[in-house]
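Raw upload.cif, mmCIF, C-alpha atoms:
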```cif
data_model
loop_
_atom_site.group_PDB
_atom_site.id
_atom_site.type_symbol
_atom_site.label_atom_id
_atom_site.label_comp_id
_atom_site.auth_asym_id
_atom_site.auth_seq_id
_atom_site.Cartn_x
_atom_site.Cartn_y
_atom_site.Cartn_z
ATOM 1 C CA MET A 509 15.584 -35.526 4.628
ATOM 2 C CA ALA A 510 13.000 -38.159 5.526
ATOM 3 C CA LYS A 511 9.929 -38.604 3.377
ATOM 4 C CA ALA A 512 7.136 -36.237 4.407
ATOM 5 C CA LYS A 513 4.210 -37.684 6.341
ATOM 6 C CA GLY A 514 0.733 -36.279 6.845
ATOM 7 C CA GLY A 515 0.329 -32.876 8.499
ATOM 8 C CA ASP A 516 -1.468 -34.110 11.652
ATOM 9 C CA ASP A 517 1.473 -33.738 14.031
ATOM 10 C CA LYS A 518 1.500 -31.535 17.145
ATOM 11 C CA PHE A 519 5.302 -31.533 17.093
ATOM 12 C CA LEU A 520 5.629 -30.814 13.386
ATOM 13 C CA ILE A 521 3.661 -27.569 13.081
ATOM 14 C CA PRO A 522 5.826 -25.481 15.480
ATOM 15 C CA LYS A 523 8.898 -26.779 13.659
ATOM 16 C CA TYR A 524 7.426 -25.738 10.313
ATOM 17 C CA VAL A 525 6.756 -22.237 11.603
ATOM 18 C CA MET A 526 10.366 -21.951 12.801
ATOM 19 C CA ILE A 527 11.660 -23.362 9.503
ATOM 20 C CA VAL A 528 9.790 -20.669 7.584
ATOM 21 C CA GLY A 529 11.555 -18.015 9.671
ATOM 22 C CA TYR A 530 14.929 -19.675 9.137
ATOM 23 C CA LEU A 531 14.375 -19.857 5.383
ATOM 24 C CA ALA A 532 13.429 -16.180 5.248
ATOM 25 C CA ALA A 533 16.615 -15.294 7.162
ATOM 26 C CA ILE A 534 18.742 -17.517 4.905
ATOM 27 C CA GLN A 535 17.340 -15.818 1.786
ATOM 28 C CA TRP A 536 17.948 -12.371 3.288
ATOM 29 C CA VAL A 537 21.583 -13.182 4.101
ATOM 30 C CA ARG A 538 22.083 -14.606 0.606
ATOM 31 C CA LYS A 539 20.586 -11.500 -1.025
ATOM 32 C CA HIS A 540 22.469 -8.870 0.960
ATOM 33 C CA PHE A 541 25.769 -10.570 1.849
ATOM 34 C CA GLN A 542 26.084 -13.166 -0.953
ATOM 35 C CA ILE A 543 26.659 -15.887 1.653
ATOM 36 C CA GLU A 544 25.183 -19.333 0.962
ATOM 37 C CA ILE A 545 24.359 -21.002 4.288
ATOM 38 C CA ILE A 546 22.674 -24.011 2.713
ATOM 39 C CA SER A 547 22.327 -24.931 -0.941
ATOM 40 C CA GLU A 548 19.394 -24.008 -3.146
ATOM 41 C CA ASP A 549 18.666 -27.700 -3.651
ATOM 42 C CA ALA A 550 18.358 -28.216 0.122
ATOM 43 C CA ILE A 551 15.928 -25.284 0.396
ATOM 44 C CA LYS A 552 13.808 -26.723 -2.417
ATOM 45 C CA GLU A 553 13.758 -30.139 -0.699
ATOM 46 C CA ILE A 554 12.620 -28.589 2.599
ATOM 47 C CA CYS A 555 9.837 -26.685 0.863
ATOM 48 C CA PHE A 556 8.816 -29.759 -1.113
ATOM 49 C CA ASN A 557 8.520 -31.862 2.052
ATOM 50 C CA MET A 558 6.486 -29.197 3.861
ATOM 51 C CA ILE A 559 4.089 -28.857 0.929
ATOM 52 C CA THR A 560 3.844 -32.628 0.471
ATOM 53 C CA SER A 561 2.996 -33.063 4.156
ATOM 54 C CA GLY A 562 0.140 -30.577 3.967
ATOM 55 C CA ASP A 563 -1.023 -32.023 0.656
ATOM 56 C CA ASN A 564 -1.150 -35.555 2.068
ATOM 57 C CA TYR A 565 -3.148 -34.498 5.117
ATOM 58 C CA ALA A 566 -5.573 -32.462 2.987
ATOM 59 C CA LYS A 567 -6.239 -35.540 0.858
ATOM 60 C CA GLU A 568 -6.736 -37.714 3.937
ATOM 61 C CA GLN A 569 -9.312 -35.258 5.281
ATOM 62 C CA LYS A 570 -10.916 -34.852 1.832
ATOM 63 C CA SER A 571 -10.449 -31.104 2.253
ATOM 64 C CA GLN A 572 -11.286 -28.530 -0.422
ATOM 65 C CA TRP A 573 -8.060 -26.727 0.515
ATOM 66 C CA PRO A 574 -4.809 -27.852 -1.161
ATOM 67 C CA LEU A 575 -2.671 -27.642 1.996
ATOM 68 C CA LEU A 576 -3.976 -28.546 5.435
ATOM 69 C CA TYR A 577 -2.280 -29.168 8.802
ATOM 70 C CA ALA A 578 -3.492 -29.984 12.314
ATOM 71 C CA TYR A 579 -2.185 -28.902 15.708
ATOM 72 C CA TYR A 580 -3.791 -30.243 18.921
ATOM 73 C CA GLY A 581 -7.108 -30.825 17.150
ATOM 74 C CA GLU A 582 -7.286 -27.468 15.335
ATOM 75 C CA GLN A 583 -6.832 -27.446 11.581
ATOM 76 C CA TYR A 584 -4.699 -24.878 9.801
ATOM 77 C CA LEU A 585 -4.490 -23.798 6.188
ATOM 78 C CA GLY A 586 -1.047 -23.775 4.601
ATOM 79 C CA LYS A 587 0.251 -21.200 2.166
ATOM 80 C CA ARG A 588 2.571 -21.997 -0.701
ATOM 81 C CA SER A 589 4.399 -18.663 -0.295
ATOM 82 C CA LEU A 590 6.687 -19.999 2.399
ATOM 83 C CA TYR A 591 9.005 -16.983 2.767
ATOM 84 C CA THR A 592 6.321 -14.672 4.125
ATOM 85 C CA GLY A 593 6.843 -15.657 7.745
ATOM 86 C CA ASN A 594 3.152 -16.584 7.971
ATOM 87 C CA ALA A 595 2.782 -20.050 6.516
ATOM 88 C CA PHE A 596 -0.164 -21.307 8.577
ATOM 89 C CA GLN A 597 -3.565 -19.846 9.424
ATOM 90 C CA PRO A 598 -6.481 -21.393 11.370
ATOM 91 C CA VAL A 599 -9.313 -22.729 9.239
ATOM 92 C CA GLY A 600 -12.221 -20.294 9.369
ATOM 93 C CA TYR A 601 -9.974 -17.383 10.358
ATOM 94 C CA SER A 602 -8.689 -16.186 6.973
ATOM 95 C CA MET A 603 -9.300 -18.676 4.215
ATOM 96 C CA GLU A 604 -7.954 -17.948 0.763
ATOM 97 C CA ILE A 605 -10.733 -17.915 -1.825
ATOM 98 C CA LYS A 606 -10.119 -17.850 -5.538
ATOM 99 C CA GLN A 607 -11.454 -14.653 -7.074
ATOM 100 C CA THR A 608 -11.896 -13.446 -10.625
ATOM 101 C CA SER A 609 -10.350 -10.042 -11.249
ATOM 102 C CA LEU A 610 -12.182 -7.233 -13.038
ATOM 103 C CA THR A 611 -10.531 -5.428 -15.929
ATOM 104 C CA CYS A 612 -11.330 -1.725 -16.194
ATOM 105 C CA SER A 613 -10.415 -0.518 -19.663
ATOM 106 C CA GLY A 614 -10.361 3.097 -20.784
ATOM 107 C CA HIS A 615 -6.934 4.531 -20.002
ATOM 108 C CA THR A 616 -4.407 4.727 -22.846
ATOM 109 C CA ARG A 617 -1.208 4.929 -20.789
ATOM 110 C CA PRO A 618 0.021 3.452 -17.471
ATOM 111 C CA VAL A 619 -2.178 3.959 -14.409
ATOM 112 C CA VAL A 620 0.025 5.316 -11.619
ATOM 113 C CA HIS A 621 -2.298 5.877 -8.660
ATOM 114 C CA LEU A 622 -5.691 4.780 -7.290
ATOM 115 C CA SER A 623 -7.989 6.139 -4.603
ATOM 116 C CA PHE A 624 -11.075 4.543 -3.022
ATOM 117 C CA SER A 625 -13.858 6.346 -1.189
ATOM 118 C CA ASP A 626 -15.451 5.074 1.992
ATOM 119 C CA GLU A 627 -18.698 3.111 1.771
ATOM 120 C CA THR A 628 -21.546 5.487 0.842
ATOM 121 C CA PRO A 629 -25.329 5.005 0.435
ATOM 122 C CA ASP A 630 -24.567 4.477 -3.259
ATOM 123 C CA GLY A 631 -21.717 2.027 -2.639
ATOM 124 C CA TYR A 632 -18.059 2.932 -2.858
ATOM 125 C CA PHE A 633 -16.118 4.554 -5.674
ATOM 126 C CA LEU A 634 -12.715 4.274 -7.338
ATOM 127 C CA ALA A 635 -10.702 7.075 -8.933
ATOM 128 C CA SER A 636 -7.638 6.486 -11.097
ATOM 129 C CA ALA A 637 -4.735 8.737 -12.072
ATOM 130 C CA CYS A 638 -2.966 8.024 -15.346
ATOM 131 C CA LYS A 639 -0.149 9.282 -17.524
ATOM 132 C CA ASP A 640 -2.714 9.907 -20.274
ATOM 133 C CA GLY A 641 -3.743 13.031 -18.318
ATOM 134 C CA THR A 642 -7.400 12.029 -17.825
ATOM 135 C CA PRO A 643 -8.452 10.877 -14.341
ATOM 136 C CA MET A 644 -11.450 8.532 -14.256
ATOM 137 C CA LEU A 645 -14.167 7.793 -11.721
ATOM 138 C CA ARG A 646 -15.678 4.287 -11.470
ATOM 139 C CA ASN A 647 -18.018 2.204 -9.410
ATOM 140 C CA GLY A 648 -15.729 0.541 -6.871
ATOM 141 C CA SER A 649 -17.644 -2.755 -6.826
ATOM 142 C CA THR A 650 -18.190 -3.346 -10.531
ATOM 143 C CA GLY A 651 -15.475 -1.215 -12.111
ATOM 144 C CA ASP A 652 -18.105 0.432 -14.319
ATOM 145 C CA TRP A 653 -17.024 3.781 -15.768
ATOM 146 C CA ILE A 654 -18.845 6.829 -14.390
ATOM 147 C CA GLY A 655 -16.966 9.732 -15.929
ATOM 148 C CA ASN A 656 -13.729 11.541 -16.774
ATOM 149 C CA LEU A 657 -12.207 14.584 -15.091
ATOM 150 C CA ASP A 658 -10.995 16.594 -18.078
ATOM 151 C CA GLY A 659 -8.732 19.614 -17.641
ATOM 152 C CA HIS A 660 -5.095 18.650 -17.044
ATOM 153 C CA LYS A 661 -2.535 19.181 -19.809
ATOM 154 C CA GLY A 662 -0.002 16.637 -18.593
ATOM 155 C CA ALA A 663 0.312 13.269 -16.893
ATOM 156 C CA VAL A 664 -1.726 12.950 -13.699
ATOM 157 C CA TRP A 665 0.468 11.436 -10.980
ATOM 158 C CA SER A 666 -1.849 11.408 -7.978
ATOM 159 C CA ILE A 667 -5.541 11.423 -7.115
ATOM 160 C CA ALA A 668 -7.503 11.409 -3.867
ATOM 161 C CA LEU A 669 -11.242 11.117 -3.196
ATOM 162 C CA ASN A 670 -12.895 12.472 -0.094
ATOM 163 C CA SER A 671 -14.742 9.995 2.114
ATOM 164 C CA ASN A 672 -18.119 10.183 0.335
ATOM 165 C CA ALA A 673 -16.661 10.616 -3.185
ATOM 166 C CA THR A 674 -18.222 14.044 -3.745
ATOM 167 C CA TYR A 675 -14.852 15.716 -4.272
ATOM 168 C CA ALA A 676 -11.506 14.702 -5.750
ATOM 169 C CA VAL A 677 -8.083 16.317 -5.938
ATOM 170 C CA THR A 678 -5.400 15.605 -8.539
ATOM 171 C CA GLY A 679 -1.714 16.401 -9.024
ATOM 172 C CA SER A 680 -0.163 16.653 -12.471
ATOM 173 C CA GLY A 681 2.920 17.084 -14.592
ATOM 174 C CA ASP A 682 1.407 20.330 -15.902
ATOM 175 C CA PHE A 683 2.631 21.973 -12.656
ATOM 176 C CA SER A 684 -0.798 22.145 -11.058
ATOM 177 C CA ALA A 685 -3.186 20.512 -8.621
ATOM 178 C CA LYS A 686 -6.939 20.631 -9.151
ATOM 179 C CA LEU A 687 -10.075 20.292 -7.032
ATOM 180 C CA TRP A 688 -13.063 18.581 -8.667
ATOM 181 C CA ASN A 689 -16.784 18.219 -8.043
ATOM 182 C CA THR A 690 -17.134 14.533 -8.910
ATOM 183 C CA VAL A 691 -20.949 14.609 -8.905
ATOM 184 C CA ALA A 692 -21.009 17.191 -11.683
ATOM 185 C CA GLY A 693 -17.671 16.129 -13.193
ATOM 186 C CA LYS A 694 -16.525 19.761 -13.103
ATOM 187 C CA GLU A 695 -13.308 21.495 -12.073
ATOM 188 C CA ILE A 696 -13.749 23.743 -9.031
ATOM 189 C CA ALA A 697 -10.291 25.267 -8.652
ATOM 190 C CA THR A 698 -6.706 25.075 -9.894
ATOM 191 C CA PHE A 699 -3.693 25.443 -7.598
ATOM 192 C CA PRO A 700 -0.556 26.430 -9.556
ATOM 193 C CA HIS A 701 2.910 25.097 -8.707
ATOM 194 C CA LYS A 702 6.392 25.660 -10.147
ATOM 195 C CA HIS A 703 7.148 22.007 -10.925
ATOM 196 C CA ILE A 704 5.533 18.562 -11.210
ATOM 197 C CA VAL A 705 2.996 17.727 -8.492
ATOM 198 C CA LYS A 706 3.537 14.084 -7.560
ATOM 199 C CA THR A 707 1.166 13.686 -4.612
ATOM 200 C CA VAL A 708 -2.049 15.199 -3.267
ATOM 201 C CA ALA A 709 -4.142 14.578 -0.152
ATOM 202 C CA LEU A 710 -7.446 16.027 0.996
ATOM 203 C CA SER A 711 -8.123 16.499 4.699
ATOM 204 C CA LYS A 712 -10.906 14.486 6.314
ATOM 205 C CA ASP A 713 -13.297 17.462 6.310
ATOM 206 C CA SER A 714 -12.295 18.320 2.702
ATOM 207 C CA SER A 715 -11.197 21.806 3.757
ATOM 208 C CA VAL A 716 -7.436 21.556 3.166
ATOM 209 C CA LEU A 717 -5.502 20.289 0.153
ATOM 210 C CA CYS A 718 -1.938 19.136 0.783
ATOM 211 C CA THR A 719 0.520 18.709 -2.109
ATOM 212 C CA GLY A 720 4.109 17.618 -2.684
ATOM 213 C CA GLY A 721 6.382 16.971 -5.625
ATOM 214 C CA ASN A 722 9.598 17.834 -7.379
ATOM 215 C CA GLU A 723 9.973 21.199 -5.616
ATOM 216 C CA GLN A 724 10.562 19.328 -2.314
ATOM 217 C CA ILE A 725 7.986 21.653 -0.705
ATOM 218 C CA ILE A 726 4.849 20.574 1.165
ATOM 219 C CA ARG A 727 1.998 23.023 0.563
ATOM 220 C CA PHE A 728 -1.362 23.434 2.329
ATOM 221 C CA PHE A 729 -4.176 25.150 0.393
ATOM 222 C CA ASP A 730 -7.488 26.362 1.805
ATOM 223 C CA VAL A 731 -9.861 24.903 -0.797
ATOM 224 C CA SER A 732 -12.512 27.552 -0.020
ATOM 225 C CA GLN A 733 -10.008 30.298 -0.889
ATOM 226 C CA PRO A 734 -7.867 28.938 -3.749
ATOM 227 C CA ASP A 735 -6.417 32.361 -4.558
ATOM 228 C CA PHE A 736 -4.851 32.695 -1.104
ATOM 229 C CA SER A 737 -1.159 31.881 -0.680
ATOM 230 C CA PRO A 738 -0.642 28.400 0.777
ATOM 231 C CA LEU A 739 1.213 27.477 3.934
ATOM 232 C CA GLU A 740 4.584 26.042 2.830
ATOM 233 C CA PHE A 741 7.092 23.698 4.446
ATOM 234 C CA LYS A 742 10.152 24.498 2.351
ATOM 235 C CA ASP A 743 12.987 21.974 1.998
ATOM 236 C CA ALA A 744 10.701 19.381 3.568
ATOM 237 C CA HIS A 745 12.799 16.663 1.910
ATOM 238 C CA SER A 746 16.177 16.629 0.189
ATOM 239 C CA ALA A 747 14.671 14.940 -2.895
ATOM 240 C CA PRO A 748 11.278 14.947 -4.648
ATOM 241 C CA ILE A 749 8.303 14.160 -2.418
ATOM 242 C CA ARG A 750 6.414 11.040 -3.505
ATOM 243 C CA TYR A 751 3.569 10.862 -0.961
ATOM 244 C CA VAL A 752 1.679 13.010 1.527
ATOM 245 C CA LEU A 753 -0.859 11.228 3.759
ATOM 246 C CA TRP A 754 -3.104 12.773 6.386
ATOM 247 C CA SER A 755 -2.925 11.228 9.838
ATOM 248 C CA ASN A 756 -6.051 10.262 11.757
ATOM 249 C CA ASP A 757 -5.335 13.460 13.663
ATOM 250 C CA GLN A 758 -6.232 16.334 11.304
ATOM 251 C CA HIS A 759 -3.282 18.382 12.578
ATOM 252 C CA LEU A 760 -0.699 15.753 11.561
ATOM 253 C CA ILE A 761 0.452 14.628 8.130
ATOM 254 C CA PHE A 762 2.985 12.103 6.839
ATOM 255 C CA SER A 763 5.336 12.666 3.923
ATOM 256 C CA ALA A 764 7.572 10.210 2.058
ATOM 257 C CA GLY A 765 10.324 11.261 -0.324
ATOM 258 C CA GLU A 766 12.902 9.923 -2.735
ATOM 259 C CA ASP A 767 15.466 10.705 -0.010
ATOM 260 C CA ARG A 768 14.229 7.484 1.703
ATOM 261 C CA CYS A 769 12.680 9.490 4.545
ATOM 262 C CA ILE A 770 9.236 9.244 6.080
ATOM 263 C CA LYS A 771 8.360 12.263 8.222
ATOM 264 C CA LEU A 772 5.472 13.135 10.499
ATOM 265 C CA TRP A 773 4.612 16.850 10.496
ATOM 266 C CA ASP A 774 2.599 18.860 13.001
ATOM 267 C CA VAL A 775 0.803 21.547 10.978
ATOM 268 C CA ARG A 776 0.294 23.654 14.104
ATOM 269 C CA LEU A 777 4.032 23.684 14.876
ATOM 270 C CA GLN A 778 4.941 23.810 11.166
ATOM 271 C CA SER A 779 7.742 21.344 11.790
ATOM 272 C CA ALA A 780 8.568 17.635 11.629
ATOM 273 C CA VAL A 781 8.026 15.805 14.902
ATOM 274 C CA GLN A 782 9.192 12.343 13.762
ATOM 275 C CA ASN A 783 11.616 11.182 11.093
ATOM 276 C CA CYS A 784 12.408 7.674 9.836
ATOM 277 C CA ILE A 785 15.098 6.876 7.259
ATOM 278 C CA LEU A 786 14.553 3.622 5.374
ATOM 279 C CA PRO A 787 17.287 1.481 3.779
ATOM 280 C CA GLU A 788 15.781 1.573 0.260
ATOM 281 C CA ASN A 789 13.958 4.017 -1.989
ATOM 282 C CA ILE A 790 10.257 4.360 -1.218
ATOM 283 C CA LYS A 791 8.201 3.196 -4.178
ATOM 284 C CA ASP A 792 4.745 3.168 -2.577
ATOM 285 C CA ALA A 793 3.327 4.393 0.704
ATOM 286 C CA TYR A 794 -0.167 3.838 2.068
ATOM 287 C CA LYS A 795 -1.728 4.519 5.456
ATOM 288 C CA SER A 796 -4.054 2.184 7.280
ATOM 289 C CA THR A 797 -7.530 3.682 7.612
ATOM 290 C CA LYS A 798 -7.798 2.575 11.259
ATOM 291 C CA SER A 799 -4.309 3.402 12.532
ATOM 292 C CA ASN A 800 -1.243 5.445 11.710
ATOM 293 C CA ILE A 801 0.659 2.617 10.052
ATOM 294 C CA ILE A 802 2.516 3.453 6.867
ATOM 295 C CA PHE A 803 3.111 0.519 4.517
ATOM 296 C CA CYS A 804 6.084 0.947 2.175
ATOM 297 C CA ARG A 805 6.999 -1.207 -0.820
ATOM 298 C CA LYS A 806 10.635 -2.235 -1.421
ATOM 299 C CA THR A 807 11.834 -1.586 2.084
ATOM 300 C CA TYR A 808 12.853 -4.021 4.818
ATOM 301 C CA GLY A 809 9.746 -3.484 6.876
ATOM 302 C CA ILE A 810 6.865 -1.262 7.907
ATOM 303 C CA ALA A 811 7.378 2.222 9.329
ATOM 304 C CA THR A 812 4.860 2.849 12.102
ATOM 305 C CA PHE A 813 3.875 6.175 13.654
ATOM 306 C CA VAL A 814 1.311 6.429 16.448
#
```
Please render this file's structure as structure tokens.
Amino acid sequence: MAKAKGGDDKFLIPKYVMIVGYLAAIQWVRKHFQIEIISEDAIKEICFNMITSGDNYAKEQKSQWPLLYAYYGEQYLGKRSLYTGNAFQPVGYSMEIKQTSLTCSGHTRPVVHLSFSDETPDGYFLASACKDGTPMLRNGSTGDWIGNLDGHKGAVWSIALNSNATYAVTGSGDFSAKLWNTVAGKEIATFPHKHIVKTVALSKDSSVLCTGGNEQIIRFFDVSQPDFSPLEFKDAHSAPIRYVLWSNDQHLIFSAGEDRCIKLWDVRLQSAVQNCILPENIKDAYKSTKSNIIFCRKTYGIATFV
């Protein structure tokens, strides 16, 4: 390959974008079919030349950014993670800024789940679920500890805050889910189960608690009447349920299980209205706050329900 020149080339940028896609496809074929289309050394040389080109142009422009390219007079930032399929972004559109992470100490075992509130007059808040059995509430901006939610007798696998952080729900290995008043730090109600509760979700108006777990049953509890029997979707999945997530429509809810399925349920019909089977186990699932997009880790893509 020829020695890389500066990144100011209206013909070079489109080629780079295509190359990134080709490299991603080559790596996918290698991973899943053990077929080597081009050698590892050739891939490294291509990446080196692309990075060198952007580095040279950034130096010429005396830019603060390490990689910079130009296309018909508009400058683009380059990313060093070249297999993402998004190697270039316009300057001023989404610039990467170095940040210092905050460390929030306090838990004694692995933290398995986090939940953020919406922005409130007092800022936003962060709740954490941990295998040490003690959920914690923190200031979402500073990470400062506010208080513990004491009461579970086993690992806490899931936690969810309502929008203004006045209530929280938790699911635990002690075969229960709990509703909490986070302002007072007090338990309001306990909802017994027959096995580990792996996921909890509180409806937008905080009136309904949804749970899932090792029983493979989705349950809906009226939080104002915790002693009432819940609505149950039995055999909702063929394996433990890892996540339940309310849709933007209060009558719809998503579930994701270890059976590699994501389902959309209509609570009014008490049945699944959409079903998507993914090629790998679902490790994490999160819903966009503005749309019904479910993001899943360790799958080949994003499952989207509208």
Can you build me a table of segment 676-720 of chain A residues sitting at most 6 Å from segment 749-756 of chain A, with the closest atom pair per residue and its distance in Å to one decimal, using only C-alpha atoms, sorted by chain and residue number, as a tab-separated table?
```
residue	atom	partner	partner_atom	distance
A:Lys706	CA	A:Arg750	CA	5.8
A:Thr707	CA	A:Tyr751	CA	5.2
A:Gly720	CA	A:Ile749	CA	5.4
```
Near segment 733-738 of chain A, within 10 Å and counting all atoms listed in the file, which residues show up once chain neighbours fewer than 4 positions away are dropped, as a PDB file with C-alpha atoms, in the frame of the given file?
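Listing of around_36.pdb after writing:
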```
ATOM      1  CA  LYS A 686      -6.939  20.631  -9.151  1.00  0.00           C
ATOM      2  CA  LEU A 687     -10.075  20.292  -7.032  1.00  0.00           C
ATOM      3  CA  ILE A 696     -13.749  23.743  -9.031  1.00  0.00           C
ATOM      4  CA  ALA A 697     -10.291  25.267  -8.652  1.00  0.00           C
ATOM      5  CA  THR A 698      -6.706  25.075  -9.894  1.00  0.00           C
ATOM      6  CA  PHE A 699      -3.693  25.443  -7.598  1.00  0.00           C
ATOM      7  CA  PRO A 700      -0.556  26.430  -9.556  1.00  0.00           C
ATOM      8  CA  SER A 715     -11.197  21.806   3.757  1.00  0.00           C
ATOM      9  CA  VAL A 716      -7.436  21.556   3.166  1.00  0.00           C
ATOM     10  CA  LEU A 717      -5.502  20.289   0.153  1.00  0.00           C
ATOM     11  CA  CYS A 718      -1.938  19.136   0.783  1.00  0.00           C
ATOM     12  CA  ILE A 726       4.849  20.574   1.165  1.00  0.00           C
ATOM     13  CA  ARG A 727       1.998  23.023   0.563  1.00  0.00           C
ATOM     14  CA  PHE A 728      -1.362  23.434   2.329  1.00  0.00           C
ATOM     15  CA  PHE A 729      -4.176  25.150   0.393  1.00  0.00           C
TER      16      PHE A 729
END
```
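Excluding Gly765 of chain A and any residue on its chain fewer than 4 positions from it, the residues at most 10 Å away by all atoms listed in the file are Gly720, Gly721, Asn722, Gln724, Ala744, His745, Ser746, Ala747, Pro748, Ile749, Arg750, Tyr751, Val752, Cys769, Ile770, Lys771, Ile785, Asn789, Ile790, Lys791 and Ala793 of chain A.
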Save out the residues we just selected, C-alpha atoms, as a PDB file, in the coordinates of the input.
```pdb
ATOM      1  CA  GLY A 720       4.109  17.618  -2.684  1.00  0.00           C
ATOM      2  CA  GLY A 721       6.382  16.971  -5.625  1.00  0.00           C
ATOM      3  CA  ASN A 722       9.598  17.834  -7.379  1.00  0.00           C
ATOM      4  CA  GLN A 724      10.562  19.328  -2.314  1.00  0.00           C
ATOM      5  CA  ALA A 744      10.701  19.381   3.568  1.00  0.00           C
ATOM      6  CA  HIS A 745      12.799  16.663   1.910  1.00  0.00           C
ATOM      7  CA  SER A 746      16.177  16.629   0.189  1.00  0.00           C
ATOM      8  CA  ALA A 747      14.671  14.940  -2.895  1.00  0.00           C
ATOM      9  CA  PRO A 748      11.278  14.947  -4.648  1.00  0.00           C
ATOM     10  CA  ILE A 749       8.303  14.160  -2.418  1.00  0.00           C
ATOM     11  CA  ARG A 750       6.414  11.040  -3.505  1.00  0.00           C
ATOM     12  CA  TYR A 751       3.569  10.862  -0.961  1.00  0.00           C
ATOM     13  CA  VAL A 752       1.679  13.010   1.527  1.00  0.00           C
ATOM     14  CA  CYS A 769      12.680   9.490   4.545  1.00  0.00           C
ATOM     15  CA  ILE A 770       9.236   9.244   6.080  1.00  0.00           C
ATOM     16  CA  LYS A 771       8.360  12.263   8.222  1.00  0.00           C
ATOM     17  CA  ILE A 785      15.098   6.876   7.259  1.00  0.00           C
ATOM     18  CA  ASN A 789      13.958   4.017  -1.989  1.00  0.00           C
ATOM     19  CA  ILE A 790      10.257   4.360  -1.218  1.00  0.00           C
ATOM     20  CA  LYS A 791       8.201   3.196  -4.178  1.00  0.00           C
ATOM     21  CA  ALA A 793       3.327   4.393   0.704  1.00  0.00           C
TER      22      ALA A 793
END
```
Exercise. In the coordinates of the file, take the point (-1.4, 2.4, -22.2) and a cut-off of 12 Å; then, counting all atoms listed in the file, name each qualifying protein, DNA or RNA residue as a count of residues only.
Key: 12
Practice problem: Check which residues satisfy the PyMOL selection byres ((chain A and resi 634) around 8) in the file shown, then give them as number ranges by chain. | Solution: A: 622-625, 632-633, 635-636, 645-648, 651
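Atom CA of Asp743 of chain A is positioned 19.4 Å from atom CA of Ala685 of chain A.
Atom CA of Gln535 of chain A to atom CA of Glu553 of chain A spans 15.0 Å [interatomic distance, one decimal].
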Quiz item: What gap, in Å, lies between atom CA of Lys661 of chain A and atom CA of Ser680 of chain A?
Solution: 8.1 Å
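Distance check against Leu777 of chain A using only C-alpha atoms: of A:Thr560, A:Phe683, A:Leu657, A:Ile761, the minimum falls on A:Ile761.
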Quiz prompt | Selection near Ile667 of chain A, 8 Å with all atoms listed in the file, sequence-local residues under 2 positions removed, as a PyMOL selection string | solution = chain A and resi 621-623+635-637+643+664-665+669+676-679+707-709
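Among the candidates A:Asn672, A:Val691, A:Ile545, A:Asp630, the one nearest to Gly655 of chain A when counting all atoms listed in the file is A:Val691.
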Quiz item: Can you list, as a PyMOL selection string, the residues that the PyMOL selection byres ((chain A and resi 703) around 7) selects here?
Solution: chain A and resi 683+701-702+704-705+722-723
Self-check item: Selection result of the PyMOL selection byres ((chain A and resi 781) around 12) on this file, as a PyMOL selection string
Solution: chain A and resi 759-763+770-780+782-784+813-814
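Taking only C-alpha atoms, the non-local environment of Thr674 of chain A within 7 Å (same-chain residues fewer than 3 positions away omitted) comprises A:Asn670, A:Asn689, A:Thr690, A:Val691.
Considering the residues A:Gly693, A:Phe741, A:Ile725, A:Ser711 and counting all atoms listed in the file, Asp757 of chain A has its shortest atom-to-atom contact with A:Ser711.
Using all atoms listed in the file, the nearest neighbour of Gln758 of chain A within the list A:Ile543, A:Asp713, A:Lys742, A:Gly659 is A:Asp713.
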Please report, as lines of an AutoDock Vina configuration file, the centre and edge lengths in Å to one decimal of an axis-aligned box covering all listed atoms of segment 661-674 of chain A with 6 Å per side.
```
center_x = -8.9
center_y = 14.6
center_z = -8.8
size_x = 30.7
size_y = 21.2
size_z = 33.9
```
